[in-house]
Amino acid sequence: MSEPFIGEIRIFPYRFAPAGWAFCNGDLLQIWQHTSLFSIIGTSYGGDGRRNFALPNLHDRVPLGTDNNQYHLGSKGGESKVTLTADQLPRHNHPMIATSETADAHLCGRGTMLGALAGRGNTIYSDATDNLAPLSSRAMSSTGNTKPHENRQPFLVLNFCIALEGVYPQRS
């Protein structure tokens, strides 16, 4: 394996960072201990730029190439979990048709799903008195508990590491 460029990021299947490498986990490094790496990445990923600088943090993130317009080096975006609100859902409804006729069979007829119970009327099923009507608002209720849901594509966990030592990359 050839010597890496300082600041090069590679993916490793190990539980440890190889010698001369560090995990891309956002750790702060002292500038005086890693002057070459600091001269390459600066404070793109954090740090005060006087005493320390941060390594890229790829924990719980997917790397994305820069386009110098919307995505700048070191910028972050996205969420690993989200809670959708009603405003984020497209306008839709869940219609259900019931009949005011008394249910007298185990099978539903076409266009009907619920019938009135014999001797009880249909007050829970329909506010209307015609033969077919939308369900009463009392027959259906809201559901859900506003907990966030997983928002990630399928993944395989590997370790991203950055070279602390190696060949200083020449600019072209």
# chains A, B, ... in the order shown; residues from 1 in each chain; ligands from 1

$ residues_around --residues "Phe53 (chain A)" --least-positions-apart "6" --cutoff "9 Å" --atoms "only C-alpha atoms" --output "PyMOL selection string"
chain A and resi 27-31+38+41-47

$ write_last_selection --atoms "all heavy atoms" --output "CSV table (one decimal), in the first residue's frame"
chain,number,residue,atom,x,y,z
A,27,ASP,N,-13.0,15.1,16.3
A,27,ASP,CA,-12.1,15.4,17.4
A,27,ASP,C,-11.4,16.7,17.2
A,27,ASP,O,-11.0,17.0,16.0
A,27,ASP,CB,-11.1,14.3,17.6
A,27,ASP,CG,-11.6,13.1,18.4
A,27,ASP,OD1,-12.7,13.2,19.0
A,27,ASP,OD2,-10.9,12.1,18.5
A,28,LEU,N,-11.1,17.4,18.2
A,28,LEU,CA,-10.2,18.6,18.1
A,28,LEU,C,-8.8,18.2,18.3
A,28,LEU,O,-8.4,17.4,19.2
A,28,LEU,CB,-10.6,19.6,19.2
A,28,LEU,CG,-11.9,20.4,19.1
A,28,LEU,CD1,-12.2,21.2,20.3
A,28,LEU,CD2,-11.9,21.2,17.8
A,29,LEU,N,-7.9,18.6,17.4
A,29,LEU,CA,-6.5,18.4,17.5
A,29,LEU,C,-5.7,19.7,17.7
A,29,LEU,O,-6.2,20.8,17.3
A,29,LEU,CB,-6.0,17.7,16.2
A,29,LEU,CG,-6.6,16.4,15.7
A,29,LEU,CD1,-5.9,15.9,14.4
A,29,LEU,CD2,-6.5,15.4,16.8
A,30,GLN,N,-4.6,19.6,18.4
A,30,GLN,CA,-3.8,20.7,18.6
A,30,GLN,C,-3.0,21.1,17.4
A,30,GLN,O,-2.4,20.2,16.7
A,30,GLN,CB,-2.8,20.5,19.8
A,30,GLN,CG,-3.5,20.2,21.1
A,30,GLN,CD,-4.3,21.4,21.6
A,30,GLN,OE1,-3.9,22.5,21.6
A,30,GLN,NE2,-5.6,21.1,21.9
A,31,ILE,N,-3.0,22.4,17.0
A,31,ILE,CA,-2.4,22.8,15.7
A,31,ILE,C,-0.9,22.5,15.8
A,31,ILE,O,-0.3,22.0,14.8
A,31,ILE,CB,-2.6,24.3,15.5
A,31,ILE,CG1,-4.1,24.5,15.2
A,31,ILE,CG2,-1.7,24.8,14.3
A,31,ILE,CD1,-4.5,26.0,15.1
A,38,PHE,N,-3.2,20.8,9.6
A,38,PHE,CA,-3.9,22.0,9.7
A,38,PHE,C,-3.7,22.9,8.5
A,38,PHE,O,-4.7,23.6,8.1
A,38,PHE,CB,-3.5,22.7,11.0
A,38,PHE,CG,-4.1,24.1,11.2
A,38,PHE,CD1,-5.4,24.2,11.5
A,38,PHE,CD2,-3.3,25.3,11.0
A,38,PHE,CE1,-6.0,25.5,11.6
A,38,PHE,CE2,-3.9,26.5,11.1
A,38,PHE,CZ,-5.2,26.6,11.4
A,41,ILE,N,-6.4,21.4,5.9
A,41,ILE,CA,-7.8,21.5,6.1
A,41,ILE,C,-8.3,22.7,6.9
A,41,ILE,O,-9.5,23.1,6.9
A,41,ILE,CB,-8.4,20.2,6.7
A,41,ILE,CG1,-7.9,20.0,8.1
A,41,ILE,CG2,-8.1,19.0,5.8
A,41,ILE,CD1,-8.6,18.8,8.8
A,42,GLY,N,-7.3,23.4,7.6
A,42,GLY,CA,-7.7,24.6,8.4
A,42,GLY,C,-8.8,24.3,9.3
A,42,GLY,O,-8.9,23.3,10.0
A,43,THR,N,-9.8,25.2,9.4
A,43,THR,CA,-10.9,25.1,10.3
A,43,THR,C,-12.2,24.8,9.6
A,43,THR,O,-13.3,25.1,10.0
A,43,THR,CB,-11.1,26.4,11.2
A,43,THR,OG1,-11.3,27.5,10.3
A,43,THR,CG2,-9.9,26.7,12.1
A,44,SER,N,-12.1,24.2,8.4
A,44,SER,CA,-13.2,23.8,7.6
A,44,SER,C,-14.2,23.0,8.4
A,44,SER,O,-15.4,23.0,8.1
A,44,SER,CB,-12.8,23.0,6.4
A,44,SER,OG,-12.1,23.8,5.5
A,45,TYR,N,-13.8,22.2,9.4
A,45,TYR,CA,-14.6,21.3,10.2
A,45,TYR,C,-14.7,21.7,11.6
A,45,TYR,O,-15.3,21.0,12.4
A,45,TYR,CB,-14.1,19.9,10.0
A,45,TYR,CG,-13.9,19.5,8.6
A,45,TYR,CD1,-12.6,19.5,8.0
A,45,TYR,CD2,-15.0,19.2,7.8
A,45,TYR,CE1,-12.5,19.2,6.7
A,45,TYR,CE2,-14.9,18.9,6.5
A,45,TYR,CZ,-13.6,18.9,5.9
A,45,TYR,OH,-13.5,18.6,4.6
A,46,GLY,N,-14.3,22.9,11.9
A,46,GLY,CA,-14.4,23.4,13.3
A,46,GLY,C,-13.0,23.7,13.9
A,46,GLY,O,-12.0,23.6,13.3
A,47,GLY,N,-13.1,24.2,15.2
A,47,GLY,CA,-11.9,24.6,15.9
A,47,GLY,C,-11.8,26.1,15.9
A,47,GLY,O,-12.4,26.8,15.2

$ residues_around --residues "Thr146 (chain A)" --least-positions-apart "5" --cutoff "12 Å" --atoms "only C-alpha atoms" --output "PyMOL selection string"
chain A and resi 81-86

$ closest_residue --among "A:Leu55, A:Leu89, A:Leu64, A:Ile11" --to "Ile40 (chain A)" --atoms "only C-alpha atoms"
A:Leu55

$ residues_around --residues "Asn57 (chain A)" --least-positions-apart "3" --cutoff "6 Å" --atoms "only C-alpha atoms" --output "CSV table (one decimal) with all heavy atoms, in the first residue's frame"
chain,number,residue,atom,x,y,z
A,24,CYS,N,-12.5,9.9,11.7
A,24,CYS,CA,-13.2,11.1,11.3
A,24,CYS,C,-14.4,11.3,12.2
A,24,CYS,O,-15.6,11.0,11.8
A,24,CYS,CB,-13.7,11.0,9.8
A,24,CYS,SG,-12.3,11.1,8.7
A,25,ASN,N,-14.2,11.7,13.4
A,25,ASN,CA,-15.3,11.8,14.4
A,25,ASN,C,-15.4,13.2,15.0
A,25,ASN,O,-16.0,13.4,16.0
A,25,ASN,CB,-15.0,10.8,15.5
A,25,ASN,CG,-13.7,11.0,16.2
A,25,ASN,OD1,-13.0,11.9,16.0
A,25,ASN,ND2,-13.4,10.1,17.1
A,26,GLY,N,-14.8,14.2,14.4
A,26,GLY,CA,-14.9,15.6,14.8
A,26,GLY,C,-14.0,16.0,16.0
A,26,GLY,O,-14.1,17.0,16.5

$ closest_residue --among "A:Gly77, A:Gly166, A:Gly49, A:Gly7" --to "Arg61 (chain A)" --atoms "only C-alpha atoms"
A:Gly77

$ atom_distance --atom1 "CA of Glu150 (chain A)" --atom2 "CA of Glu79 (chain A)"
9.3 Å

$ closest_residue --among "A:Arg152, A:Phe160, A:Ala19, A:Arg91" --to "Pro63 (chain A)" --atoms "only C-alpha atoms"
A:Phe160

$ atom_distance --atom1 "CA of Val167 (chain A)" --atom2 "CA of Pro4 (chain A)"
6.2 Å

$ decode --residues "region 52-67 of chain A" --atoms "N, CA, C and O atoms" --output "PDB file, in the first residue's frame"
ATOM      1  N   ASN A  52      -6.457  25.048  18.106  1.00  0.00           N
ATOM      2  CA  ASN A  52      -6.932  23.740  17.672  1.00  0.00           C
ATOM      3  C   ASN A  52      -7.720  23.823  16.371  1.00  0.00           C
ATOM      4  O   ASN A  52      -8.082  24.917  15.920  1.00  0.00           O
ATOM      5  N   PHE A  53      -7.973  22.670  15.819  1.00  0.00           N
ATOM      6  CA  PHE A  53      -8.812  22.521  14.636  1.00  0.00           C
ATOM      7  C   PHE A  53      -9.502  21.172  14.735  1.00  0.00           C
ATOM      8  O   PHE A  53      -9.046  20.284  15.466  1.00  0.00           O
ATOM      9  N   ALA A  54     -10.633  21.016  14.035  1.00  0.00           N
ATOM     10  CA  ALA A  54     -11.413  19.783  14.142  1.00  0.00           C
ATOM     11  C   ALA A  54     -11.224  18.897  12.917  1.00  0.00           C
ATOM     12  O   ALA A  54     -11.063  19.386  11.797  1.00  0.00           O
ATOM     13  N   LEU A  55     -11.278  17.605  13.169  1.00  0.00           N
ATOM     14  CA  LEU A  55     -11.296  16.630  12.083  1.00  0.00           C
ATOM     15  C   LEU A  55     -12.716  16.575  11.521  1.00  0.00           C
ATOM     16  O   LEU A  55     -13.679  16.904  12.213  1.00  0.00           O
ATOM     17  N   PRO A  56     -12.881  16.147  10.281  1.00  0.00           N
ATOM     18  CA  PRO A  56     -14.236  15.952   9.763  1.00  0.00           C
ATOM     19  C   PRO A  56     -14.981  14.939  10.643  1.00  0.00           C
ATOM     20  O   PRO A  56     -14.368  14.030  11.190  1.00  0.00           O
ATOM     21  N   ASN A  57     -16.280  15.129  10.786  1.00  0.00           N
ATOM     22  CA  ASN A  57     -17.084  14.203  11.571  1.00  0.00           C
ATOM     23  C   ASN A  57     -18.030  13.455  10.639  1.00  0.00           C
ATOM     24  O   ASN A  57     -19.016  14.014  10.174  1.00  0.00           O
ATOM     25  N   LEU A  58     -17.714  12.205  10.354  1.00  0.00           N
ATOM     26  CA  LEU A  58     -18.552  11.392   9.490  1.00  0.00           C
ATOM     27  C   LEU A  58     -19.389  10.382  10.272  1.00  0.00           C
ATOM     28  O   LEU A  58     -19.992   9.507   9.671  1.00  0.00           O
ATOM     29  N   HIS A  59     -19.450  10.539  11.605  1.00  0.00           N
ATOM     30  CA  HIS A  59     -20.357   9.690  12.380  1.00  0.00           C
ATOM     31  C   HIS A  59     -21.777  10.126  12.078  1.00  0.00           C
ATOM     32  O   HIS A  59     -22.111  11.301  12.176  1.00  0.00           O
ATOM     33  N   ASP A  60     -22.604   9.180  11.700  1.00  0.00           N
ATOM     34  CA  ASP A  60     -24.020   9.438  11.423  1.00  0.00           C
ATOM     35  C   ASP A  60     -24.213  10.369  10.224  1.00  0.00           C
ATOM     36  O   ASP A  60     -25.200  11.077  10.134  1.00  0.00           O
ATOM     37  N   ARG A  61     -23.238  10.385   9.298  1.00  0.00           N
ATOM     38  CA  ARG A  61     -23.305  11.239   8.110  1.00  0.00           C
ATOM     39  C   ARG A  61     -22.853  10.474   6.878  1.00  0.00           C
ATOM     40  O   ARG A  61     -22.120   9.503   6.962  1.00  0.00           O
ATOM     41  N   VAL A  62     -23.279  10.952   5.735  1.00  0.00           N
ATOM     42  CA  VAL A  62     -22.856  10.418   4.445  1.00  0.00           C
ATOM     43  C   VAL A  62     -22.019  11.492   3.777  1.00  0.00           C
ATOM     44  O   VAL A  62     -22.418  12.652   3.742  1.00  0.00           O
ATOM     45  N   PRO A  63     -20.823  11.166   3.255  1.00  0.00           N
ATOM     46  CA  PRO A  63     -20.016  12.199   2.587  1.00  0.00           C
ATOM     47  C   PRO A  63     -20.698  12.665   1.308  1.00  0.00           C
ATOM     48  O   PRO A  63     -21.360  11.897   0.623  1.00  0.00           O
ATOM     49  N   LEU A  64     -20.533  13.939   1.019  1.00  0.00           N
ATOM     50  CA  LEU A  64     -21.127  14.551  -0.165  1.00  0.00           C
ATOM     51  C   LEU A  64     -20.090  15.471  -0.791  1.00  0.00           C
ATOM     52  O   LEU A  64     -19.444  16.245  -0.089  1.00  0.00           O
ATOM     53  N   GLY A  65     -19.934  15.370  -2.088  1.00  0.00           N
ATOM     54  CA  GLY A  65     -18.966  16.218  -2.781  1.00  0.00           C
ATOM     55  C   GLY A  65     -19.418  17.671  -2.827  1.00  0.00           C
ATOM     56  O   GLY A  65     -20.608  17.969  -2.888  1.00  0.00           O
ATOM     57  N   THR A  66     -18.454  18.586  -2.825  1.00  0.00           N
ATOM     58  CA  THR A  66     -18.761  20.013  -2.878  1.00  0.00           C
ATOM     59  C   THR A  66     -19.097  20.429  -4.301  1.00  0.00           C
ATOM     60  O   THR A  66     -18.595  19.855  -5.266  1.00  0.00           O
ATOM     61  N   ASP A  67     -19.967  21.425  -4.426  1.00  0.00           N
ATOM     62  CA  ASP A  67     -20.254  21.981  -5.749  1.00  0.00           C
ATOM     63  C   ASP A  67     -19.968  23.481  -5.777  1.00  0.00           C
ATOM     64  O   ASP A  67     -20.247  24.153  -6.740  1.00  0.00           O
TER      65      ASP A  67
END
